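File shown here: entry.csv, holding CSV, C-alpha atoms.
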chain,number,residue,atom,x,y,z
A,1068,MET,CA,159.8,96.5,64.9
A,1069,ARG,CA,158.0,99.5,66.4
A,1070,TYR,CA,154.5,99.6,68.0
A,1071,ASP,CA,152.4,102.3,69.6
A,1072,SER,CA,152.0,100.2,72.8
A,1073,LEU,CA,152.5,96.7,74.2
A,1074,LEU,CA,149.0,95.6,73.2
A,1075,ASP,CA,149.6,96.7,69.6
A,1076,SER,CA,152.5,94.2,69.5
A,1077,LEU,CA,150.2,91.3,70.1
A,1078,GLY,CA,150.6,88.3,67.8
A,1079,HIS,CA,152.9,88.1,64.6
A,1080,THR,CA,154.9,85.6,66.5
A,1081,PRO,CA,157.8,83.7,64.8
A,1082,LEU,CA,157.4,80.3,63.3
A,1083,VAL,CA,160.6,78.3,63.7
A,1084,GLY,CA,161.7,75.0,62.3
A,1085,LEU,CA,162.5,72.0,64.6
A,1086,PRO,CA,165.3,70.4,62.5
A,1087,ALA,CA,166.5,68.1,65.2
A,1088,LEU,CA,163.1,66.7,66.1
A,1089,SER,CA,161.8,66.5,62.5
A,1090,PRO,CA,162.1,62.9,61.2
A,1091,SER,CA,163.3,63.8,57.7
A,1092,PRO,CA,163.4,66.6,55.2
A,1093,GLU,CA,160.0,65.4,53.9
A,1094,VAL,CA,158.4,65.3,57.3
A,1095,ARG,CA,159.1,68.6,59.1
A,1096,LEU,CA,158.0,70.1,62.4
A,1097,TRP,CA,157.5,73.8,63.0
A,1098,ALA,CA,156.8,75.7,66.2
A,1099,LYS,CA,154.9,78.9,66.5
A,1100,LEU,CA,156.4,80.8,69.5
A,1101,GLU,CA,153.3,82.1,71.3
A,1102,ASP,CA,155.4,82.7,74.4
A,1103,ARG,CA,156.5,85.9,72.5
A,1104,ASN,CA,153.3,87.6,73.2
A,1105,PRO,CA,152.9,90.5,75.7
A,1106,THR,CA,152.4,88.5,78.8
A,1107,GLY,CA,154.1,85.4,77.5
A,1108,SER,CA,151.4,83.1,76.3
A,1109,VAL,CA,149.0,82.3,73.4
A,1110,LYS,CA,146.1,83.5,75.7
A,1111,ASP,CA,147.0,87.1,75.1
A,1112,ARG,CA,145.1,86.8,71.8
A,1113,THR,CA,142.1,85.4,73.5
A,1114,ALA,CA,142.0,87.9,76.3
A,1115,PHE,CA,142.5,90.9,74.1
A,1116,PHE,CA,139.8,89.8,71.6
A,1117,MET,CA,137.3,89.0,74.4
A,1118,ILE,CA,137.8,92.3,76.2
A,1119,GLN,CA,137.6,94.2,72.9
A,1120,ARG,CA,134.4,92.5,72.0
A,1121,ALA,CA,132.8,93.2,75.4
A,1122,GLU,CA,133.8,96.9,75.1
A,1123,LYS,CA,132.2,97.1,71.6
A,1124,GLU,CA,129.0,95.5,73.0
A,1125,GLY,CA,129.0,98.1,75.8
A,1126,LEU,CA,129.3,95.4,78.5
A,1127,LEU,CA,132.5,97.0,80.0
A,1128,GLN,CA,133.0,100.5,81.4
A,1129,PRO,CA,136.0,101.7,83.5
A,1130,GLY,CA,135.4,100.3,87.0
A,1131,SER,CA,133.6,97.2,85.7
A,1132,THR,CA,134.4,93.9,87.4
A,1133,ILE,CA,135.5,91.0,85.1
A,1134,LEU,CA,135.1,87.4,86.4
A,1135,GLU,CA,136.9,84.5,84.8
A,1136,PRO,CA,137.6,80.8,85.6
A,1137,THR,CA,141.2,80.2,84.6
A,1138,SER,CA,144.1,77.9,85.5
A,1139,GLY,CA,146.4,80.8,84.8
A,1140,ASN,CA,147.4,82.0,81.4
A,1141,THR,CA,144.1,83.6,80.4
A,1142,GLY,CA,143.8,85.2,83.8
A,1143,ILE,CA,147.3,86.7,83.5
A,1144,SER,CA,146.5,88.0,80.0
A,1145,LEU,CA,143.2,89.4,81.2
A,1146,ALA,CA,144.8,91.0,84.3
A,1147,MET,CA,147.3,92.9,82.2
A,1148,VAL,CA,144.7,94.2,79.8
A,1149,ALA,CA,142.2,94.9,82.6
A,1150,GLN,CA,144.8,96.9,84.5
A,1151,LEU,CA,145.6,99.1,81.5
A,1152,ARG,CA,141.9,99.7,80.8
A,1153,GLY,CA,140.8,100.3,84.4
A,1154,TYR,CA,138.8,97.1,85.1
A,1155,ARG,CA,138.8,95.0,88.2
A,1156,LEU,CA,139.5,91.3,87.6
A,1157,VAL,CA,138.5,88.4,89.8
A,1158,CYS,CA,140.0,85.0,88.7
A,1159,VAL,CA,138.7,81.6,89.9
A,1160,MET,CA,141.6,79.2,89.8
A,1161,PRO,CA,142.1,75.6,91.0
A,1162,GLU,CA,144.3,75.6,94.2
A,1163,ASN,CA,146.7,73.1,92.7
A,1164,THR,CA,148.2,75.3,90.0
A,1165,SER,CA,151.7,76.6,90.2
A,1166,ALA,CA,152.8,79.4,92.6
A,1167,GLU,CA,154.2,81.6,89.8
A,1168,ARG,CA,150.7,81.9,88.4
A,1169,THR,CA,149.3,83.3,91.6
A,1170,GLN,CA,152.2,85.8,91.8
A,1171,LEU,CA,151.8,86.9,88.2
A,1172,LEU,CA,148.1,87.4,88.6
A,1173,ARG,CA,148.5,89.5,91.8
A,1174,MET,CA,151.3,91.5,90.2
A,1175,TRP,CA,148.9,92.7,87.4
A,1176,GLY,CA,146.3,93.5,90.0
A,1177,ALA,CA,144.0,90.5,89.8
A,1178,GLU,CA,142.1,89.1,92.8
A,1179,ILE,CA,142.2,85.3,93.1
A,1180,HIS,CA,139.4,83.1,94.3
A,1181,TYR,CA,140.6,79.5,94.7
A,1182,SER,CA,138.4,76.5,93.8
A,1183,PRO,CA,139.1,73.0,95.3
A,1184,ALA,CA,141.9,71.1,93.6
A,1185,ALA,CA,139.7,68.0,93.3
A,1186,GLY,CA,137.6,69.2,90.4
A,1187,GLY,CA,140.4,70.8,88.4
A,1188,SER,CA,139.4,73.4,85.8
A,1189,ASN,CA,135.9,71.9,85.7
A,1190,GLU,CA,135.4,72.9,89.3
A,1191,ALA,CA,136.7,76.4,88.7
A,1192,VAL,CA,134.1,76.8,85.9
A,1193,ARG,CA,131.4,75.6,88.2
A,1194,VAL,CA,132.4,78.0,91.0
A,1195,ALA,CA,132.8,80.9,88.6
A,1196,LYS,CA,129.3,80.3,87.2
A,1197,GLN,CA,127.9,80.4,90.7
A,1198,MET,CA,129.7,83.6,91.5
A,1199,ALA,CA,128.4,85.2,88.3
A,1200,GLU,CA,124.9,84.3,89.4
A,1201,ASP,CA,125.5,85.9,92.8
A,1202,ASN,CA,127.0,89.1,91.3
A,1203,PRO,CA,124.8,89.9,88.3
A,1204,ASP,CA,126.7,93.2,87.6
A,1205,TRP,CA,130.0,91.4,87.1
A,1206,VAL,CA,131.0,90.5,83.5
A,1207,MET,CA,132.1,86.9,83.0
A,1208,LEU,CA,133.9,86.8,79.7
A,1209,TYR,CA,134.0,83.0,79.9
A,1210,GLN,CA,136.7,81.8,77.6
A,1211,TYR,CA,135.1,78.3,77.3
A,1212,GLY,CA,132.1,79.6,75.5
A,1213,ASN,CA,133.1,83.1,74.2
A,1214,ALA,CA,133.1,83.1,70.4
A,1215,ALA,CA,135.7,85.9,70.5
A,1216,ASN,CA,138.2,83.3,71.9
A,1217,ALA,CA,138.0,81.1,68.7
A,1218,GLN,CA,137.6,84.2,66.5
A,1219,ALA,CA,141.0,85.6,67.8
A,1220,HIS,CA,142.7,82.5,66.3
A,1221,TYR,CA,140.5,82.6,63.2
A,1222,GLU,CA,141.6,86.2,62.5
A,1223,THR,CA,145.2,86.2,63.6
A,1224,THR,CA,146.9,82.9,64.5
A,1225,GLY,CA,145.5,81.0,61.5
A,1226,PRO,CA,146.4,83.6,58.8
A,1227,GLU,CA,149.8,84.1,60.3
A,1228,LEU,CA,150.5,80.3,60.2
A,1229,LEU,CA,149.3,80.0,56.6
A,1230,ALA,CA,151.4,83.0,55.5
A,1231,ASP,CA,154.5,81.5,57.0
A,1232,LEU,CA,153.8,77.9,56.0
A,1233,PRO,CA,151.6,77.8,52.9
A,1234,GLU,CA,152.5,74.1,52.6
A,1235,ILE,CA,151.1,73.2,56.0
A,1236,THR,CA,149.6,69.7,56.3
A,1237,HIS,CA,149.0,69.4,60.1
A,1238,PHE,CA,148.1,71.8,62.9
A,1239,VAL,CA,148.6,70.6,66.4
A,1240,ALA,CA,147.6,72.4,69.6
A,1241,GLY,CA,146.6,71.6,73.2
A,1242,LEU,CA,142.9,71.1,73.9
A,1243,GLY,CA,141.7,73.2,76.8
A,1244,THR,CA,139.0,75.8,76.0
A,1245,THR,CA,139.4,74.5,72.4
A,1246,GLY,CA,139.6,78.1,71.2
A,1247,THR,CA,142.9,77.7,69.4
A,1248,LEU,CA,142.0,74.5,67.7
A,1249,MET,CA,138.5,75.7,66.7
A,1250,GLY,CA,139.7,79.1,65.4
A,1251,VAL,CA,142.9,78.0,63.6
A,1252,GLY,CA,141.2,74.8,62.5
A,1253,ARG,CA,138.3,76.5,60.8
A,1254,TYR,CA,140.5,79.0,59.1
A,1255,LEU,CA,143.0,76.5,57.8
A,1256,ARG,CA,140.2,74.1,56.6
A,1257,GLU,CA,138.8,76.9,54.5
A,1258,GLN,CA,142.1,77.6,52.9
A,1259,ARG,CA,143.6,74.0,52.9
A,1260,PRO,CA,140.7,71.5,52.9
A,1261,GLN,CA,143.0,68.5,53.4
A,1262,VAL,CA,144.8,69.9,56.5
A,1263,ARG,CA,144.7,67.7,59.5
A,1264,ILE,CA,143.7,69.4,62.8
A,1265,VAL,CA,145.1,67.5,65.7
A,1266,ALA,CA,144.2,68.0,69.4
A,1267,ALA,CA,146.5,67.1,72.3
A,1268,GLU,CA,144.5,66.6,75.4
A,1269,PRO,CA,146.2,66.3,78.8
A,1270,ARG,CA,145.8,62.9,80.5
A,1271,TYR,CA,146.3,63.3,84.2
A,1272,GLY,CA,147.4,60.5,86.5
A,1273,GLU,CA,144.9,58.4,88.4
A,1274,LEU,CA,145.5,60.6,91.4
A,1275,VAL,CA,143.8,63.5,89.7
A,1276,TYR,CA,141.1,61.3,88.1
A,1277,GLY,CA,140.5,59.6,91.3
A,1278,LEU,CA,139.7,62.9,93.0
A,1279,ARG,CA,137.4,64.0,90.2
A,1280,ASN,CA,133.7,63.8,90.2
A,1281,LEU,CA,133.5,61.7,87.1
A,1282,ASP,CA,129.8,62.4,86.5
A,1283,GLU,CA,130.6,66.1,85.9
A,1284,GLY,CA,132.6,65.8,82.7
A,1285,PHE,CA,132.7,69.2,81.1
A,1286,VAL,CA,132.8,69.9,77.4
A,1287,PRO,CA,133.5,73.6,76.5
A,1288,GLU,CA,130.7,75.2,74.6
A,1289,LEU,CA,133.2,76.2,71.9
A,1290,TYR,CA,134.0,72.6,71.1
A,1291,ASP,CA,132.9,71.3,67.8
A,1292,GLU,CA,134.3,67.8,67.2
A,1293,SER,CA,133.8,68.1,63.4
A,1294,VAL,CA,136.7,70.6,63.2
A,1295,LEU,CA,139.2,68.0,64.5
A,1296,THR,CA,140.8,65.3,62.4
A,1297,THR,CA,142.0,63.4,65.5
A,1298,ARG,CA,142.7,63.7,69.1
A,1299,PHE,CA,145.6,62.5,71.3
A,1300,SER,CA,145.5,61.9,75.0
A,1301,VAL,CA,148.9,62.7,76.4
A,1302,PRO,CA,150.0,61.2,79.7
A,1303,SER,CA,152.1,63.4,82.0
A,1304,ASP,CA,155.3,61.4,81.6
A,1305,ALA,CA,155.1,61.8,77.8
A,1306,ALA,CA,154.4,65.5,78.0
A,1307,LEU,CA,157.4,65.9,80.4
A,1308,LYS,CA,159.7,63.9,78.2
A,1309,ARG,CA,158.8,66.0,75.1
A,1310,THR,CA,159.1,69.2,77.0
A,1311,ARG,CA,162.7,68.1,77.9
A,1312,GLU,CA,163.4,67.2,74.2
A,1313,LEU,CA,162.3,70.6,73.0
A,1314,LEU,CA,164.8,72.1,75.5
A,1315,THR,CA,167.8,69.8,74.8
A,1316,GLN,CA,167.3,69.3,71.1
A,1317,GLU,CA,165.9,72.6,69.9
A,1318,GLY,CA,166.8,75.0,72.7
A,1319,ILE,CA,163.1,75.9,73.3
A,1320,PHE,CA,162.1,76.4,76.9
A,1321,ALA,CA,158.4,75.7,76.8
A,1322,GLY,CA,155.7,74.9,79.3
A,1323,VAL,CA,154.6,71.3,79.9
A,1324,SER,CA,151.4,71.5,77.9
A,1325,THR,CA,153.5,72.2,74.8
A,1326,GLY,CA,155.3,68.9,75.4
A,1327,GLY,CA,151.8,67.4,75.0
A,1328,ALA,CA,151.4,69.1,71.7
A,1329,LEU,CA,154.8,67.9,70.5
A,1330,HIS,CA,154.0,64.3,71.5
A,1331,ALA,CA,150.9,64.4,69.3
A,1332,ALA,CA,152.8,66.0,66.5
A,1333,LEU,CA,155.5,63.3,66.6
A,1334,GLY,CA,152.7,60.7,66.5
A,1335,GLU,CA,151.4,62.3,63.3
A,1336,ALA,CA,154.9,62.6,62.0
A,1337,ALA,CA,155.6,58.9,62.6
A,1338,LYS,CA,152.4,58.1,60.7
A,1339,ALA,CA,153.3,60.3,57.7
A,1340,THR,CA,156.8,58.8,57.6
A,1341,LYS,CA,155.3,55.2,57.7
A,1342,ALA,CA,152.9,56.1,54.8
A,1343,GLY,CA,155.7,57.8,52.8
A,1344,GLU,CA,153.8,61.1,52.8
A,1345,ARG,CA,155.2,64.6,52.9
A,1346,ALA,CA,154.2,66.6,56.0
A,1347,ASP,CA,154.7,70.1,57.4
A,1348,ILE,CA,153.4,70.0,60.9
A,1349,ALA,CA,152.9,73.2,62.9
A,1350,ILE,CA,152.6,73.1,66.7
A,1351,ILE,CA,151.7,75.9,69.1
A,1352,ILE,CA,154.3,76.7,71.8
A,1353,ALA,CA,151.6,77.9,74.2
A,1354,ASP,CA,153.9,79.5,76.8
A,1355,GLY,CA,157.4,79.4,78.1
A,1356,GLY,CA,158.6,77.2,81.0
A,1357,TRP,CA,159.1,80.1,83.5
A,1358,LYS,CA,155.8,79.7,85.3
A,1359,TYR,CA,156.4,76.0,85.9
A,1360,LEU,CA,159.9,76.1,87.4
A,1361,SER,CA,158.6,75.6,90.9
A,1362,THR,CA,156.8,72.3,89.8
A,1363,GLY,CA,160.3,70.7,89.3
A,1364,ALA,CA,159.5,69.8,85.8
A,1365,TYR,CA,162.9,70.8,84.5
A,1366,GLU,CA,165.1,69.4,87.3
A,1367,GLY,CA,166.6,65.9,87.9
A,1368,THR,CA,165.5,62.8,86.1
A,1369,LEU,CA,162.3,62.4,84.2
A,1370,ALA,CA,161.0,60.0,86.8
A,1371,GLU,CA,161.7,62.5,89.6
A,1372,ALA,CA,160.0,65.3,87.7
A,1373,GLU,CA,157.0,63.0,87.0
A,1374,GLU,CA,156.7,62.2,90.6
A,1375,ARG,CA,156.8,65.9,91.5
A,1376,LEU,CA,154.1,66.7,88.9
A,1377,GLU,CA,151.8,64.0,90.1
A,1378,GLY,CA,148.5,65.6,91.2
A,1379,GLN,CA,149.3,69.0,89.6
A,1380,LEU,CA,147.5,70.5,86.7
A,1381,TRP,CA,150.1,71.1,83.9
A,1382,ALA,CA,147.8,72.3,81.2
B,137,MET,CA,157.1,41.5,69.8
B,138,ALA,CA,153.5,41.9,70.9
B,139,ILE,CA,151.0,44.7,71.6
B,140,GLU,CA,151.3,46.3,75.0
B,141,VAL,CA,148.0,47.0,76.7
B,142,ARG,CA,147.7,49.3,79.7
B,143,ILE,CA,145.0,48.4,82.0
B,144,PRO,CA,143.2,51.0,84.3
B,145,THR,CA,143.0,50.3,88.0
B,146,ILE,CA,139.3,49.6,87.7
B,147,LEU,CA,139.9,46.6,85.4
B,148,ARG,CA,143.0,45.2,87.2
B,149,ASP,CA,140.9,42.6,89.0
B,150,TYR,CA,140.8,40.8,85.6
B,151,THR,CA,144.6,40.9,85.1
B,152,GLY,CA,145.7,39.7,88.6
B,153,GLY,CA,146.6,43.3,89.4
B,154,ALA,CA,148.9,43.8,86.4
B,155,LYS,CA,149.1,47.4,85.0
B,156,THR,CA,150.1,46.2,81.6
B,157,VAL,CA,149.5,43.0,79.7
B,158,GLU,CA,150.5,41.8,76.3
B,159,GLY,CA,148.2,40.7,73.5
B,160,SER,CA,148.0,40.1,69.8
B,161,GLY,CA,145.6,40.7,66.9
B,162,GLY,CA,145.3,42.6,63.6
B,163,THR,CA,142.5,44.9,64.9
B,164,LEU,CA,141.5,46.3,68.2
B,165,GLY,CA,138.5,43.9,68.3
B,166,GLU,CA,140.8,40.9,67.8
B,167,LEU,CA,143.2,42.2,70.5
B,168,VAL,CA,140.3,42.5,73.0
B,169,SER,CA,139.2,38.9,72.2
B,170,ASP,CA,142.7,37.7,72.6
B,171,LEU,CA,142.9,39.4,76.0
B,172,ASP,CA,139.7,37.9,77.1
B,173,ALA,CA,141.0,34.4,76.4
B,174,ARG,CA,143.6,34.9,79.1
B,175,HIS,CA,141.7,37.4,81.3
B,176,PRO,CA,138.1,36.1,81.1
B,177,GLY,CA,135.5,38.8,81.5
B,178,ILE,CA,137.6,41.8,80.5
B,179,ALA,CA,136.2,42.1,77.0
B,180,ALA,CA,132.7,42.6,78.2
B,181,ARG,CA,133.9,45.6,80.2
B,182,ILE,CA,135.4,47.2,77.1
B,183,VAL,CA,133.1,46.1,74.2
B,184,GLU,CA,129.4,46.0,74.0
B,185,GLU,CA,127.4,44.7,71.0
B,186,GLY,CA,130.5,44.8,68.9
B,187,LYS,CA,131.3,48.4,69.7
B,188,LEU,CA,133.4,50.2,72.3
B,189,ARG,CA,131.4,50.9,75.4
B,190,ARG,CA,130.3,54.5,75.7
B,191,PHE,CA,132.3,55.3,78.9
B,192,VAL,CA,135.5,53.7,77.8
B,193,ASN,CA,138.3,55.5,76.0
B,194,VAL,CA,140.8,53.5,74.1
B,195,TYR,CA,144.0,55.0,72.8
B,196,LEU,CA,146.4,53.6,70.2
B,197,ASN,CA,149.8,55.1,70.8
B,198,ASP,CA,147.9,57.8,72.7
B,199,GLU,CA,145.6,58.6,69.8
B,200,ASP,CA,141.8,58.2,70.4
B,201,VAL,CA,140.6,55.2,68.4
B,202,ARG,CA,137.2,56.8,68.0
B,203,PHE,CA,138.9,59.1,65.5
B,204,LEU,CA,140.6,56.1,63.8
B,205,GLY,CA,138.6,53.0,63.1
B,206,GLY,CA,137.0,52.4,66.5
B,207,ILE,CA,136.9,48.7,67.3
B,208,ASP,CA,138.1,48.0,63.7
B,209,THR,CA,141.3,50.1,64.1
B,210,ALA,CA,144.3,48.2,62.8
B,211,VAL,CA,146.9,47.4,65.4
B,212,SER,CA,150.3,45.8,65.1
B,213,ASP,CA,153.3,44.6,67.1
B,214,GLY,CA,155.1,47.3,68.9
B,215,ASP,CA,151.9,49.4,69.4
B,216,THR,CA,150.7,50.5,72.8
B,217,VAL,CA,147.0,50.4,73.6
B,218,THR,CA,145.7,52.3,76.6
B,219,VAL,CA,142.3,51.6,78.1
B,220,LEU,CA,140.8,54.3,80.4
B,221,PRO,CA,137.5,55.2,81.9
B,222,ALA,CA,136.0,58.3,80.1
B,223,VAL,CA,136.1,61.4,82.3
B,224,ALA,CA,132.5,62.2,81.4
B,225,GLY,CA,130.7,59.2,82.7
B,226,GLY,CA,132.9,57.3,85.0
B,227,ARG,CA,132.4,53.6,85.5
B,228,LEU,CA,133.5,51.0,83.0
What's the structure tokens form of this structure?
Amino acid sequence: MRYDSLLDSLGHTPLVGLPALSPSPEVRLWAKLEDRNPTGSVKDRTAFFMIQRAEKEGLLQPGSTILEPTSGNTGISLAMVAQLRGYRLVCVMPENTSAERTQLLRMWGAEIHYSPAAGGSNEAVRVAKQMAEDNPDWVMLYQYGNAANAQAHYETTGPELLADLPEITHFVAGLGTTGTLMGVGRYLREQRPQVRIVAAEPRYGELVYGLRNLDEGFVPELYDESVLTTRFSVPSDAALKRTRELLTQEGIFAGVSTGGALHAALGEAAKATKAGERADIAIIIADGGWKYLSTGAYEGTLAEAEERLEGQLWA
Amino acid sequence: MAIEVRIPTILRDYTGGAKTVEGSGGTLGELVSDLDARHPGIAARIVEEGKLRRFVNVYLNDEDVRFLGGIDTAVSDGDTVTVLPAVAGGRL
């Protein structure tokens, strides 16, 4: 397939069956390979739509500075687009994210401002909001509250899924900014009112929770609970186990958050099987495993990998 | 077979330090009552006026029971129930 530029090739990712992980011919799992986007993650859609909208609204001119709180993928996507368009990008990122993410961000020309590990992504959001106040001429695209984030998925990911899988019964994705779930969820609901929209939320070990300031729970502005049918909380060990299963049973090398989505999808698959219902369950492969190799998630036994991942943000 | 219940650190005083305990019941509410019979006081930290307390999250096989049937969610042998303090809010 031929495109005028890398950005023009955004989206239109393959949907592949997961025959080994599917419980039966009646209850099938499908994976949308979002790692096949220009910088290797689903966030390319978000970044491109947010920048495009800001340009249309006249917020960005060449030389403008973009500021964004991000644990990695959105920053990497924004960095690539910003470099092509001549914007400066400042990312606020928790210090306990993987080393590859820092390298990739710098490679595409982004500047990184680290926020304390203790608060996770919430703390990065808080720090970025403060920096935006201190630098009123900077443009914070703010993926957690930018309607263009969800709109990207409403206009592209959702229609692509339905075209490839008209019989879709479930859509499962990780819950972060909530953009994927809100956008795809709203689109599919309009087209298939009975569809189940399922969120997989990362559940970190008590080490991370213990460090957190629990009074500062953060709910992204994009989040609308009514779009969701249900929500799973996936512990690190389960996410790791499912990430390994994707690799060994289906040959798919995905990031750890995708293991979380698979865990929720298998939970829904088990319920459909028990109820004797047909199901076609689509999950999002948010990114490949490359950026997480240094975390040790793919080496040694599961217990060893889990120990290494303790205290790290994997989604 | 029984239902496995995972207890957060903050409630392990009630379980003699145990991370997981076993219980039985047809619904989550019955399960909590059953736990309270052996671990007196634990129910009041999870349930209030017949509802799940606001700052407690309970998961059935990792699915949030607030999206299922709340305190009336059906449970059965072989299930795993996880109790956790909600991130937004803190104390149980």
- Query: So, counting only C-alpha atoms, which residue among A:Thr1310, A:Leu1077, A:Gly1326, A:Phe1299 is closest to Thr218 of chain B?
  - Reply: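 Answer, going by the shortest atom-to-atom distance: A:Phe1299.
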- Would you mind telling me which residue in B:Ala138, B:Gly162, B:Asp172, B:Thr145 lies nearest to chain A when using only C-alpha atoms?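 The answer is B:Thr145, which sits nearest to chain A.
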- Message: Can you pull out the residues contacting Gly1212 of chain A? Cut-off 10 Å, using only C-alpha atoms, and skip same-chain residues under 3 positions away; I want them as number ranges by chain.
- Response: A: 1208-1209, 1215-1217, 1244-1246, 1286-1290
- Message: To one decimal place in Å, what is the distance between atom CA of Ser1144 of chain A and atom CA of Ile1118 of chain A?
- Response: 10.4 Å
- Message: Using all atoms listed in the file for the distances, tell me which of A:His1330, A:Lys1308, A:Arg1095, A:Arg1120 is nearest to chain B.
- Response: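 With all atoms listed in the file as the atom set, the closest residue is A:His1330.
Residues having any atom no farther than 10 Å from (136.5, 90.4, 90.6) (counting only C-alpha atoms) are Ser1131, Thr1132, Ile1133, Leu1134, Glu1135, Tyr1154, Arg1155, Leu1156, Val1157, Cys1158, Val1159, Ala1177, Glu1178, Ile1179, His1180, Met1198, Ala1199, Asn1202, Trp1205, Val1206 and Met1207 of chain A.
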- Counting only C-alpha atoms, which of A:Ala1191, A:Ala1346, A:Ala1087, A:Ala1305 gets nearest to chain B?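 So, comparing all the options, the nearest one is A:Ala1305.
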Give the residues of chain B that lie within 12 Å of chain A; count all atoms listed in the file, and format the answer as a PDB file with C-alpha atoms, in the coordinates of the input.
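Okay, this is what ended up in selection17.pdb:
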ATOM      1  CA  ILE B 143     145.000  48.400  82.000  1.00  0.00           C
ATOM      2  CA  PRO B 144     143.200  51.000  84.300  1.00  0.00           C
ATOM      3  CA  THR B 145     143.000  50.300  88.000  1.00  0.00           C
ATOM      4  CA  ILE B 146     139.300  49.600  87.700  1.00  0.00           C
ATOM      5  CA  PHE B 191     132.300  55.300  78.900  1.00  0.00           C
ATOM      6  CA  ASN B 193     138.300  55.500  76.000  1.00  0.00           C
ATOM      7  CA  VAL B 194     140.800  53.500  74.100  1.00  0.00           C
ATOM      8  CA  TYR B 195     144.000  55.000  72.800  1.00  0.00           C
ATOM      9  CA  LEU B 196     146.400  53.600  70.200  1.00  0.00           C
ATOM     10  CA  ASN B 197     149.800  55.100  70.800  1.00  0.00           C
ATOM     11  CA  ASP B 198     147.900  57.800  72.700  1.00  0.00           C
ATOM     12  CA  GLU B 199     145.600  58.600  69.800  1.00  0.00           C
ATOM     13  CA  ASP B 200     141.800  58.200  70.400  1.00  0.00           C
ATOM     14  CA  VAL B 201     140.600  55.200  68.400  1.00  0.00           C
ATOM     15  CA  ARG B 202     137.200  56.800  68.000  1.00  0.00           C
ATOM     16  CA  PHE B 203     138.900  59.100  65.500  1.00  0.00           C
ATOM     17  CA  LEU B 204     140.600  56.100  63.800  1.00  0.00           C
ATOM     18  CA  GLY B 205     138.600  53.000  63.100  1.00  0.00           C
ATOM     19  CA  ASP B 215     151.900  49.400  69.400  1.00  0.00           C
ATOM     20  CA  VAL B 217     147.000  50.400  73.600  1.00  0.00           C
ATOM     21  CA  THR B 218     145.700  52.300  76.600  1.00  0.00           C
ATOM     22  CA  VAL B 219     142.300  51.600  78.100  1.00  0.00           C
ATOM     23  CA  LEU B 220     140.800  54.300  80.400  1.00  0.00           C
ATOM     24  CA  PRO B 221     137.500  55.200  81.900  1.00  0.00           C
ATOM     25  CA  ALA B 222     136.000  58.300  80.100  1.00  0.00           C
ATOM     26  CA  VAL B 223     136.100  61.400  82.300  1.00  0.00           C
ATOM     27  CA  ALA B 224     132.500  62.200  81.400  1.00  0.00           C
ATOM     28  CA  GLY B 225     130.700  59.200  82.700  1.00  0.00           C
ATOM     29  CA  GLY B 226     132.900  57.300  85.000  1.00  0.00           C
ATOM     30  CA  ARG B 227     132.400  53.600  85.500  1.00  0.00           C
ATOM     31  CA  LEU B 228     133.500  51.000  83.000  1.00  0.00           C
TER      32      LEU B 228
END
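With only C-alpha atoms as the atoms that count, the minimum distance from Asp1354 of chain A to the choices A:Val1294, A:Val1109, A:Leu1074, A:Leu1145 is reached by A:Val1109.
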- Could you please determine the separation between atom CA of Arg174 of chain B and atom CA of Asp1304 of chain A in Å, to one decimal place? 29.1 Å
- Query: Could you state the separation of atom CA of Met1174 of chain A and atom CA of Gly1243 of chain A in Å, given to one decimal place?
  - Reply: 24.6 Å
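Within 9 Å of Tyr1365 of chain A, once all atoms listed in the file are used and residues closer than 2 positions along the same chain are dropped, the contacting residues are A:Leu1307, A:Thr1310, A:Arg1311, A:Gly1356, A:Tyr1359, A:Leu1360, A:Thr1362, A:Gly1363, A:Gly1367, A:Thr1368, A:Leu1369, A:Ala1372.
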- Task: Excluding Met1160 of chain A and any residue of its chain fewer than 3 positions from it, enumerate the residues within 8 Å of it, using only C-alpha atoms, and give them as a ChimeraX atom specification.
- Result: /A:1136-1139,1164,1179-1182,1188,1191
- Item | Which of B:Arg142, B:Val183, B:Gly177, B:Gly206 sits closest to Lys155 of chain B [using only C-alpha atoms] | B:Arg142
- Test item: which residues lie within 9 Å of (136.1, 42.4, 67.0) counting only C-alpha atoms, as a ChimeraX atom specification: /B:163-169,183,186-187,207-208
